Structures are given as structure tokens and as C-alpha cells.
file target.cif (mmCIF, C-alpha atoms)
data_model
loop_
_atom_site.label_atom_id
_atom_site.label_comp_id
_atom_site.auth_asym_id
_atom_site.auth_seq_id
_atom_site.Cartn_x
_atom_site.Cartn_y
_atom_site.Cartn_z
CA MET X 15 75.07 44.47 36.08
CA THR X 16 74.64 43.92 32.37
CA ILE X 17 71.28 45.12 31.07
CA LYS X 18 69.76 42.73 28.55
CA SER X 19 66.02 42.72 29.30
CA ILE X 20 63.45 45.41 29.99
CA GLY X 21 59.90 44.81 31.13
CA ILE X 22 57.37 47.59 30.66
CA LEU X 23 54.67 47.40 33.32
CA LEU X 24 51.17 48.00 31.97
CA PHE X 25 47.93 48.68 33.81
CA ASN X 26 44.61 50.25 32.85
CA ASP X 27 44.75 54.02 32.37
CA ALA X 28 48.56 54.16 32.07
CA GLU X 29 49.64 57.20 30.04
CA GLU X 30 50.56 56.01 26.54
CA LEU X 31 53.60 58.21 25.89
CA ASP X 32 55.03 57.32 29.32
CA PHE X 33 55.75 53.83 28.06
CA ILE X 34 55.70 54.21 24.25
CA GLY X 35 58.43 56.90 24.27
CA PRO X 36 60.92 54.79 26.27
CA LEU X 37 59.88 51.71 24.26
CA GLU X 38 60.94 53.54 21.09
CA VAL X 39 64.28 54.53 22.63
CA PHE X 40 65.06 51.04 23.95
CA GLY X 41 63.75 49.39 20.80
CA MET X 42 65.98 51.58 18.64
CA ALA X 43 68.94 50.78 20.89
CA SER X 44 68.32 47.07 20.36
CA ASN X 45 69.55 47.55 16.79
CA TRP X 46 73.07 47.96 18.24
CA VAL X 47 73.05 46.16 21.61
CA ASP X 48 71.57 42.89 22.87
CA LEU X 49 68.38 44.19 24.46
CA THR X 50 64.95 42.57 24.69
CA ILE X 51 61.85 44.60 25.56
CA ASN X 52 58.59 42.99 26.69
CA THR X 53 55.37 44.14 28.32
CA VAL X 54 54.10 42.74 31.60
CA ALA X 55 50.85 43.23 33.52
CA GLU X 56 49.15 41.68 36.51
CA GLN X 57 47.41 39.30 34.10
CA ALA X 58 48.27 38.53 30.48
CA GLN X 59 44.99 40.14 29.42
CA THR X 60 44.31 43.21 27.30
CA VAL X 61 45.06 46.48 29.07
CA LYS X 62 43.41 49.74 28.02
CA ALA X 63 45.71 52.74 28.33
CA ARG X 64 44.57 56.28 29.21
CA TYR X 65 43.48 57.39 25.76
CA GLY X 66 42.10 54.08 24.57
CA LEU X 67 45.14 52.23 23.20
CA LYS X 68 44.62 48.52 23.86
CA ILE X 69 47.68 46.37 24.47
CA GLN X 70 48.02 42.64 24.90
CA PRO X 71 50.85 42.19 27.44
CA ASP X 72 53.53 39.64 26.65
CA TYR X 73 53.42 38.29 30.20
CA GLY X 74 51.39 38.26 33.38
CA PHE X 75 53.20 38.42 36.71
CA ALA X 76 52.86 34.65 37.14
CA ASP X 77 54.80 33.74 33.98
CA ALA X 78 57.05 36.79 33.51
CA PRO X 79 60.78 36.19 33.28
CA ALA X 80 63.17 38.03 35.58
CA PHE X 81 63.84 41.38 33.90
CA ASP X 82 66.98 43.46 34.40
CA VAL X 83 64.79 46.58 34.34
CA VAL X 84 61.09 47.23 34.91
CA LEU X 85 59.68 50.55 33.71
CA VAL X 86 56.56 51.91 35.44
CA PRO X 87 54.50 54.49 33.53
CA GLY X 88 52.28 57.09 35.12
CA GLY X 89 48.90 58.47 34.21
CA LEU X 90 45.49 58.35 35.80
CA GLY X 91 45.90 54.65 36.57
CA ALA X 92 49.08 55.32 38.57
CA ARG X 93 47.38 58.08 40.56
CA THR X 94 44.34 55.96 41.33
CA HIS X 95 44.42 52.16 41.34
CA ALA X 96 47.98 51.00 40.50
CA ARG X 97 49.54 52.53 43.60
CA HIS X 98 47.00 50.72 45.75
CA ASN X 99 47.35 47.34 44.02
CA ASN X 100 49.30 45.01 46.32
CA LEU X 101 50.15 42.62 43.49
CA ILE X 102 51.81 45.44 41.53
CA LEU X 103 53.60 46.72 44.64
CA ASP X 104 54.89 43.25 45.55
CA TYR X 105 56.03 42.67 41.97
CA LEU X 106 58.05 45.90 42.06
CA ARG X 107 59.57 45.08 45.47
CA HIS X 108 60.78 41.75 44.08
CA GLN X 109 62.10 43.52 40.98
CA ARG X 110 64.18 45.90 43.08
CA ASP X 111 65.92 42.87 44.57
CA ARG X 112 67.03 41.67 41.13
CA GLY X 113 67.48 44.80 39.02
CA TRP X 114 66.43 48.32 38.13
CA VAL X 115 63.03 49.96 38.65
CA VAL X 116 62.38 53.06 36.54
CA SER X 117 59.37 55.38 36.72
CA VAL X 118 58.06 57.87 34.23
CA CYS X 119 55.80 60.72 35.32
CA THR X 120 53.39 59.71 38.12
CA GLY X 121 54.73 56.17 37.99
CA ALA X 122 56.84 57.55 40.87
CA LEU X 123 53.69 57.39 43.01
CA VAL X 124 53.59 53.62 42.45
CA LEU X 125 57.27 53.31 43.40
CA SER X 126 56.60 55.40 46.49
CA ALA X 127 53.70 53.18 47.52
CA ALA X 128 55.97 50.15 47.17
CA GLY X 129 58.54 51.82 49.44
CA LEU X 130 61.15 51.91 46.67
CA LEU X 131 61.75 55.65 46.94
CA ASP X 132 62.25 55.76 50.72
CA GLY X 133 65.51 57.59 51.42
CA GLN X 134 65.82 58.52 47.72
CA ARG X 135 65.65 61.61 45.56
CA ALA X 136 62.88 61.42 42.97
CA THR X 137 60.84 63.49 40.57
CA THR X 138 57.44 63.19 38.92
CA HIS X 139 54.92 65.21 36.93
CA TYR X 140 54.72 68.74 38.31
CA THR X 141 51.04 68.31 39.25
CA ALA X 142 51.97 65.40 41.55
CA PHE X 143 54.91 66.94 43.44
CA ASP X 144 52.85 67.49 46.59
CA LEU X 145 51.32 64.03 46.37
CA LEU X 146 54.77 62.45 46.12
CA ALA X 147 56.01 64.66 48.98
CA GLU X 148 53.34 63.15 51.25
CA ASN X 149 55.96 60.43 51.74
CA SER X 150 58.37 62.37 53.97
CA GLN X 151 61.13 59.83 53.29
CA ILE X 152 61.44 61.05 49.68
CA THR X 153 63.38 64.14 48.64
CA VAL X 154 61.20 65.49 45.83
CA GLU X 155 63.31 67.22 43.18
CA ARG X 156 61.02 69.76 41.53
CA GLU X 157 63.57 71.18 39.07
CA GLN X 158 65.03 67.93 37.68
CA ARG X 159 63.88 66.39 34.39
CA TYR X 160 65.07 62.98 35.58
CA ILE X 161 67.07 61.41 38.39
CA ILE X 162 69.21 58.30 38.13
CA ALA X 163 70.17 56.78 41.48
CA PRO X 164 70.98 53.13 40.69
CA PRO X 165 69.03 50.91 40.72
CA ILE X 166 66.17 53.42 40.80
CA ALA X 167 65.41 56.17 38.28
CA SER X 168 62.51 58.58 37.89
CA SER X 169 61.48 61.25 35.42
CA ALA X 170 59.20 64.24 35.29
CA GLY X 171 56.08 64.16 33.15
CA VAL X 172 55.37 62.30 29.94
CA SER X 173 58.02 63.41 27.37
CA ALA X 174 60.70 63.42 30.10
CA GLY X 175 60.52 59.63 29.89
CA ILE X 176 62.32 59.84 26.55
CA ASP X 177 65.07 61.96 28.11
CA LEU X 178 65.40 59.45 30.94
CA ALA X 179 65.50 56.48 28.57
CA LEU X 180 68.28 58.12 26.56
CA ALA X 181 70.24 58.92 29.75
CA LEU X 182 69.85 55.31 30.88
CA LEU X 183 71.37 54.12 27.60
CA GLU X 184 74.46 56.13 28.50
CA THR X 185 74.44 54.79 32.07
CA TRP X 186 74.02 51.16 31.01
CA PHE X 187 75.96 51.20 27.75
CA THR X 188 77.85 54.18 26.26
CA PRO X 189 77.48 57.88 25.48
CA GLU X 190 77.88 56.92 21.83
CA LEU X 191 74.79 54.69 21.96
CA ARG X 192 72.78 57.49 23.56
CA ALA X 193 73.87 59.90 20.82
CA GLN X 194 73.24 57.37 18.05
CA VAL X 195 69.68 56.64 19.25
CA ALA X 196 68.90 60.34 19.85
CA GLU X 197 70.02 61.15 16.32
CA ARG X 198 68.02 58.28 14.80
CA ILE X 199 64.79 59.29 16.56
CA GLU X 200 65.53 62.98 15.85
CA TRP X 201 65.42 63.92 19.55
CA ARG X 202 67.01 67.34 20.06
#
call {"tool": "encode", "arguments": {"input": "target.cif", "output": "C-alpha cells"}}
result
Amino acid sequence: MTIKSIGILLFNDAEELDFIGPLEVFGMASNWVDLTINTVAEQAQTVKARYGLKIQPDYGFADAPAFDVVLVPGGLGARTHARHNNLILDYLRHQRDRGWVVSVCTGALVLSAAGLLDGQRATTHYTAFDLLAENSQITVEREQRYIIAPPIASSAGVSAGIDLALALLETWFTPELRAQVAERIEWR
């Protein structure tokens, strides 16, 4: 599958760096490859992230295009309401049928609630390992910074989302692109 479009799922109380870090990586990569990044939320209305950043999503679920990849951030919103929101869970189930679903941090809890991690290895923020392990169908990897098991990927907490995004560039494109983006954003 050729990756050309990424949708970043937003919801209230999502952790900012969980989606801003990967957005920077994918946005930088779009200087060299044909890649479009948009934001999507249940409704195309302003979303307030964990520390107050307000974002106007590009799309609501009803008018969103089919993305090749949907990235799910974590944060307080993932731990509380997003993983119990049937509209979000259904959206992610449909996404799995047409492309990749990627979680950062406790976004893995949302993927778990949607059943996307059943029979999979996954990781999350270290404070949520036991919560993720409540789903006995998931092998929780406590020592991994990220796991890529196409078409699902997950990362540990917050800054690990940047590592995952860079690794995905190598998976989807080339090692050279990964290195080029890492150098440009000064990621060591």
C-alpha cells in the first residue's frame, strides 16, 4: 500500500506532543514525498487539547476522506472519554479495513477498546501498562519504545511518538527519508 494521506485524530484532552511531534515528522517528510496530513475529529468543531491548545479540525467523521493512516494520540482524553466513545471506536474499526491505525502513548487504550489490538503486541505509556493489559488478548511490551505490526503500530509515551513516526517513514518509504527528516528536525 502506498501511503499518501495521514489523518490525525483529535479529541478533547488529547496530549499535544502525542500528535504535534508526529505531525512535525510527517510534515517535514512531505517536503520530499507526496504526503498530505489533515486533522479529523468526531465533529469539525474546535477541540481543546490537554494543556489548552485549541485546534480546528480539518474534517469531522461525516466528511473526512479515506486516509491511508490514522494516528491516535493519548492523554487524559484517551484514558477517560475517547476509549468509551462509540463513534470514535467505529471510525477506527472502519479505518483498519482501509489502512493503518497508529497510536501514540495511551492512544493504545483507544485502539484496545476498538478491538484493534486483539491478538497483537502493543506498547503504551508506562503508567498505563496494567490498564492496557486488562485486555488479555494483547501482549503488552513494556520494554519497547514502539512496535510496528502492519497495519497497526503503537508507541510508548509522548516523545516516543516521534521515534515511531520516524520509523514509519522508513517502513513506508526509505531509510534515507527517515535519516533526512531526523537530521532536519535535529532528532538524535
call {"tool": "closest_residue", "arguments": {"input": "target.cif", "among": "X:Gly91, X:Gly74, X:Pro79, X:Pro165", "to": "Arg110 in chain X", "atoms": "all atoms listed in the file"}}
result
X:Pro165
call {"tool": "residues_around", "arguments": {"input": "target.cif", "residues": "range 51-56 of chain X", "least_positions_apart": "6", "cutoff": "6 Å", "atoms": "only C-alpha atoms", "output": "MDAnalysis selection string"}}
result
chainID X and resid 19:24 71:75
call {"tool": "resolve_selection", "arguments": {"input": "target.cif", "expression": "the PyMOL selection byres ((chain X and resi 164) around 12)", "output": "ChimeraX atom specification"}}
result
/X:15,83,110,113-116,130-131,134-136,161-163,165-168,182,185-186
call {"tool": "resolve_selection", "arguments": {"input": "target.cif", "expression": "the PyMOL selection byres ((chain X and resi 160) around 12)", "output": "count of residues only"}}
result
36
call {"tool": "atom_distance", "arguments": {"input": "target.cif", "atom1": "CA of Gln57 in chain X", "atom2": "CA of Leu145 in chain X"}}
result
27.9 Å
call {"tool": "closest_residue", "arguments": {"input": "target.cif", "among": "X:Ala28, X:Val39, X:Ile34, X:Leu103", "to": "Ala63 in chain X", "atoms": "all atoms listed in the file"}}
result
X:Ala28
call {"tool": "resolve_selection", "arguments": {"input": "target.cif", "expression": "the PyMOL selection byres ((chain X and resi 102) around 9)", "output": "ChimeraX atom specification"}}
result
/X:23,55-56,75,96-101,103-107,124,128
call {"tool": "atom_distance", "arguments": {"input": "target.cif", "atom1": "CA of Gly41 in chain X", "atom2": "CA of Gln70 in chain X"}}
result
17.6 Å
